[in-house]
Structures are given as structure tokens and as C-alpha cells.
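**Student:** Please read through the structure below; I'll follow up with questions.
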Amino acid sequence: MANLAQHLTDTAVRHGDRPALKVDAAVLTYDQLDEASGRVAGLLKNRGLAAGDRVGIMLPNVPYFAIVYYGILRAGGVVVPMNVLLRGREVTFYLSDPGARFLFAWHQFADAAEKGAAAAGAEAMIV
């Protein structure tokens, strides 16, 4: 079944050297974004992600957001977008309610992310 990650891969084949995203001075080409999201997908699959599993994203507007987002989709997961300002109990709720197994969180919010993920039975991966 095709999803946005497949569209990224198809675009990378046709326009790999073109910019896919730009955030401040950081620019990623379609090839770079596709390759990096493939690594995230591999990481998730190696950690046991199954099709349909939920994965939280607690990242600000940085290039890693797109990399992780497409990686989750590519691995067959379902993205659970989360506000980076959530506190521990709120993180627990946002992960527990959909039954998320994993959480990618920005390093500046690691404390709340790790505490909330642990309480929800999810694995936190700090970016």
C-alpha cells in the first residue's frame, strides 16, 4: 500500500538532487531525506515495530522531524504528533491513549519524554 513515504522514495528517484526541505541554513535533498528516513525505518523495524504500531513524535520544526515522520511511515507505523512542551504526565497520556510503542523526542525535552514514555510502557529515543 502506498503512503507518503512511498511518494518520497518515488520523488527521490526522479529528483534526488533537488532540495526537499530547508530549515534555516539546513537543506536536505530528496535523496538525503529518503536515505535518512530509511535508516529510521530500519531502526524501528529492528526494535520490533509492526505495521500499524503507533509512534510518538515530540520534535520541534527541525529537519529531524521530517526524517522521523517519513521513517515511521516507511516502517508501516502510525505517526502520533505531540507538542514539545508536554510534561511527563501529559506525555504518558498521549502515548497511552493510542497505545504508542515508541517516542522520538528532542533532547531539550528528554526528561519529560523519558518519564512519560516509561510510565506509558513506550521506548523513548532522544534526538
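So you can find residues: chains in the C-alpha cells are A, B, ... in the order shown, residues in each start at 1, and ligands are numbered from 1 in order.
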Residues at most 7 Å from segment 88-91 of chain A, counting only C-alpha atoms, excluding those fewer than 6 positions away in the same chain, as a list in words?

**Tutor:**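 The neighbour list is Ala112, Ala113, Lys115, Gly116 and Ala117 of chain A.
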
**Student:** Near Arg54 of chain A, within 7 Å and counting only C-alpha atoms, which residues show up once chain neighbours fewer than 5 positions away are dropped, as a ChimeraX atom specification?

**Tutor:** /A:77-80,98-101

**Student:** So which one's closest to Thr92 of chain A, A:Leu43, A:Leu49, A:Leu28, A:Ala122? Using only C-alpha atoms, please.

**Tutor:**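 That would be A:Ala122, the residue with the smallest distance to Thr92 of chain A.
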
**Student:** Tell me, as a list in words, which residues lie within 10 Å of Lys22 of chain A, counting only C-alpha atoms; anything in the same chain fewer than 5 positions away does not count.

**Tutor:**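 My list of contacting residues is Val27, Leu28, Thr29, Val62 and Pro63 of chain A.
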
**Student:** Let's have the selection written as a CSV table (one decimal), in the first residue's frame, with N, CA, C and O atoms.

**Tutor:**
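Result file follows (again_21.csv):
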```
chain,number,residue,atom,x,y,z
A,27,VAL,N,19.7,22.3,4.5
A,27,VAL,CA,19.0,21.9,3.3
A,27,VAL,C,19.2,20.4,3.1
A,27,VAL,O,20.3,20.0,3.2
A,28,LEU,N,18.1,19.7,2.9
A,28,LEU,CA,18.2,18.3,2.6
A,28,LEU,C,17.6,18.0,1.2
A,28,LEU,O,16.6,18.5,0.9
A,29,THR,N,18.4,17.2,0.4
A,29,THR,CA,17.8,16.9,-0.9
A,29,THR,C,16.9,15.7,-0.7
A,29,THR,O,16.8,15.1,0.4
A,62,VAL,N,12.5,21.1,13.1
A,62,VAL,CA,13.9,20.9,12.7
A,62,VAL,C,13.9,19.8,11.6
A,62,VAL,O,12.9,19.1,11.4
A,63,PRO,N,14.9,19.7,10.8
A,63,PRO,CA,14.9,18.7,9.7
A,63,PRO,C,14.7,17.3,10.2
A,63,PRO,O,14.1,16.4,9.5
```

**Student:** As a count of residues only, please: all residues of chain A that backbone DSSP puts in alpha helix (DSSP H).

**Tutor:** 61

**Student:** Which of these, A:Ala5, A:Val68, A:Leu73, A:Ala110, has the shortest distance to Val40 of chain A once you count only C-alpha atoms?

**Tutor:**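 Checking each candidate against Val40 of chain A, we get A:Val68 as the closest.
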
**Student:** Tell me which protein, DNA and RNA residues are within 12 Å of His7 of chain A, counting only C-alpha atoms, leaving out same-chain ones fewer than 6 positions away, and put them as a PyMOL selection string.

**Tutor:** chain A and resi 1+13-15+30+34+70+73-74

**Student:** Could you turn the residues from that selection into a file that holds N, CA, C and O atoms, as a tab-separated table (two decimals), in the first residue's frame?

**Tutor:**
```tsv
chain	number	residue	atom	x	y	z
A	1	MET	N	0.85	-1.18	0.00
A	1	MET	CA	0.00	0.00	0.00
A	1	MET	C	0.89	1.24	0.00
A	1	MET	O	1.82	1.36	0.78
A	13	VAL	N	13.83	9.19	-6.60
A	13	VAL	CA	14.32	8.55	-7.82
A	13	VAL	C	14.35	9.55	-8.98
A	13	VAL	O	15.29	9.58	-9.76
A	14	ARG	N	13.31	10.37	-9.08
A	14	ARG	CA	13.19	11.31	-10.20
A	14	ARG	C	13.98	12.60	-10.00
A	14	ARG	O	14.50	13.18	-10.95
A	15	HIS	N	14.04	13.08	-8.74
A	15	HIS	CA	14.61	14.41	-8.48
A	15	HIS	C	15.54	14.39	-7.26
A	15	HIS	O	15.52	15.31	-6.44
A	30	TYR	N	16.15	15.40	-1.76
A	30	TYR	CA	15.24	14.25	-1.71
A	30	TYR	C	16.01	12.96	-1.44
A	30	TYR	O	15.55	12.11	-0.68
A	34	ASP	N	15.27	10.74	1.84
A	34	ASP	CA	14.85	9.36	1.63
A	34	ASP	C	15.80	8.38	2.33
A	34	ASP	O	15.36	7.46	3.01
A	70	TYR	N	8.78	10.53	8.06
A	70	TYR	CA	8.78	9.63	6.90
A	70	TYR	C	9.32	8.25	7.27
A	70	TYR	O	8.88	7.24	6.71
A	73	LEU	N	6.43	6.23	8.78
A	73	LEU	CA	5.53	5.79	7.71
A	73	LEU	C	6.15	4.67	6.89
A	73	LEU	O	5.49	3.68	6.56
A	74	ARG	N	7.42	4.82	6.58
A	74	ARG	CA	8.13	3.83	5.76
A	74	ARG	C	8.18	2.47	6.46
A	74	ARG	O	8.15	1.43	5.80
```

**Student:** Which residue, A:Ser96, A:Gln6, A:Asn83, A:Thr11, has the smallest gap to Pro60 of chain A when you use only C-alpha atoms?

**Tutor:**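 Of the candidates, the smallest distance to Pro60 of chain A is held by A:Asn83.
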
**Student:** Counting only C-alpha atoms, which residue out of A:Ala75, A:Ala25, A:Gln32, A:Pro19 sits closest to Gly48 of chain A?

**Tutor:**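 Once distances to Gly48 of chain A are computed over only C-alpha atoms, the minimum belongs to A:Ala75.
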
**Student:** Atom CA of Gly76 of chain A and atom CA of Asp53 of chain A, how far apart in Å?

**Tutor:** 7.6 Å

**Student:** Please return, as a PyMOL selection string, all residues of segment 9-48 of chain A that DSSP assigns to strand (DSSP E) on the basis of the backbone.

**Tutor:** chain A and resi 19-23+26-29

**Student:** Store the residues of this selection in a file with C-alpha atoms, as a compact mmCIF listing (two decimals), in the first residue's frame.

**Tutor:**
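To be explicit, this is the file written out as selection_39.txt:
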```txt
# COMPACT_ATOMS: atom_id res chain seq x y z
CA PRO A 19 16.09 20.31 -2.28
CA ALA A 20 13.31 18.53 -0.39
CA LEU A 21 13.30 20.80 2.65
CA LYS A 22 15.04 23.83 4.03
CA VAL A 23 15.04 24.91 7.65
CA ALA A 26 19.96 23.31 6.71
CA VAL A 27 18.99 21.92 3.31
CA LEU A 28 18.22 18.27 2.60
CA THR A 29 17.85 16.86 -0.89
```

**Student:** With only C-alpha atoms as the atoms that count, which of A:Leu4, A:Leu86, A:Leu44, A:Leu33 lies nearest to Asp17 of chain A?

**Tutor:** A:Leu33

**Student:** Point out the residue among A:Ala36, A:Met82, A:Ala120, A:Leu95 with the least atom-to-atom distance to Ile57 of chain A, counting only C-alpha atoms.

**Tutor:** A:Met82
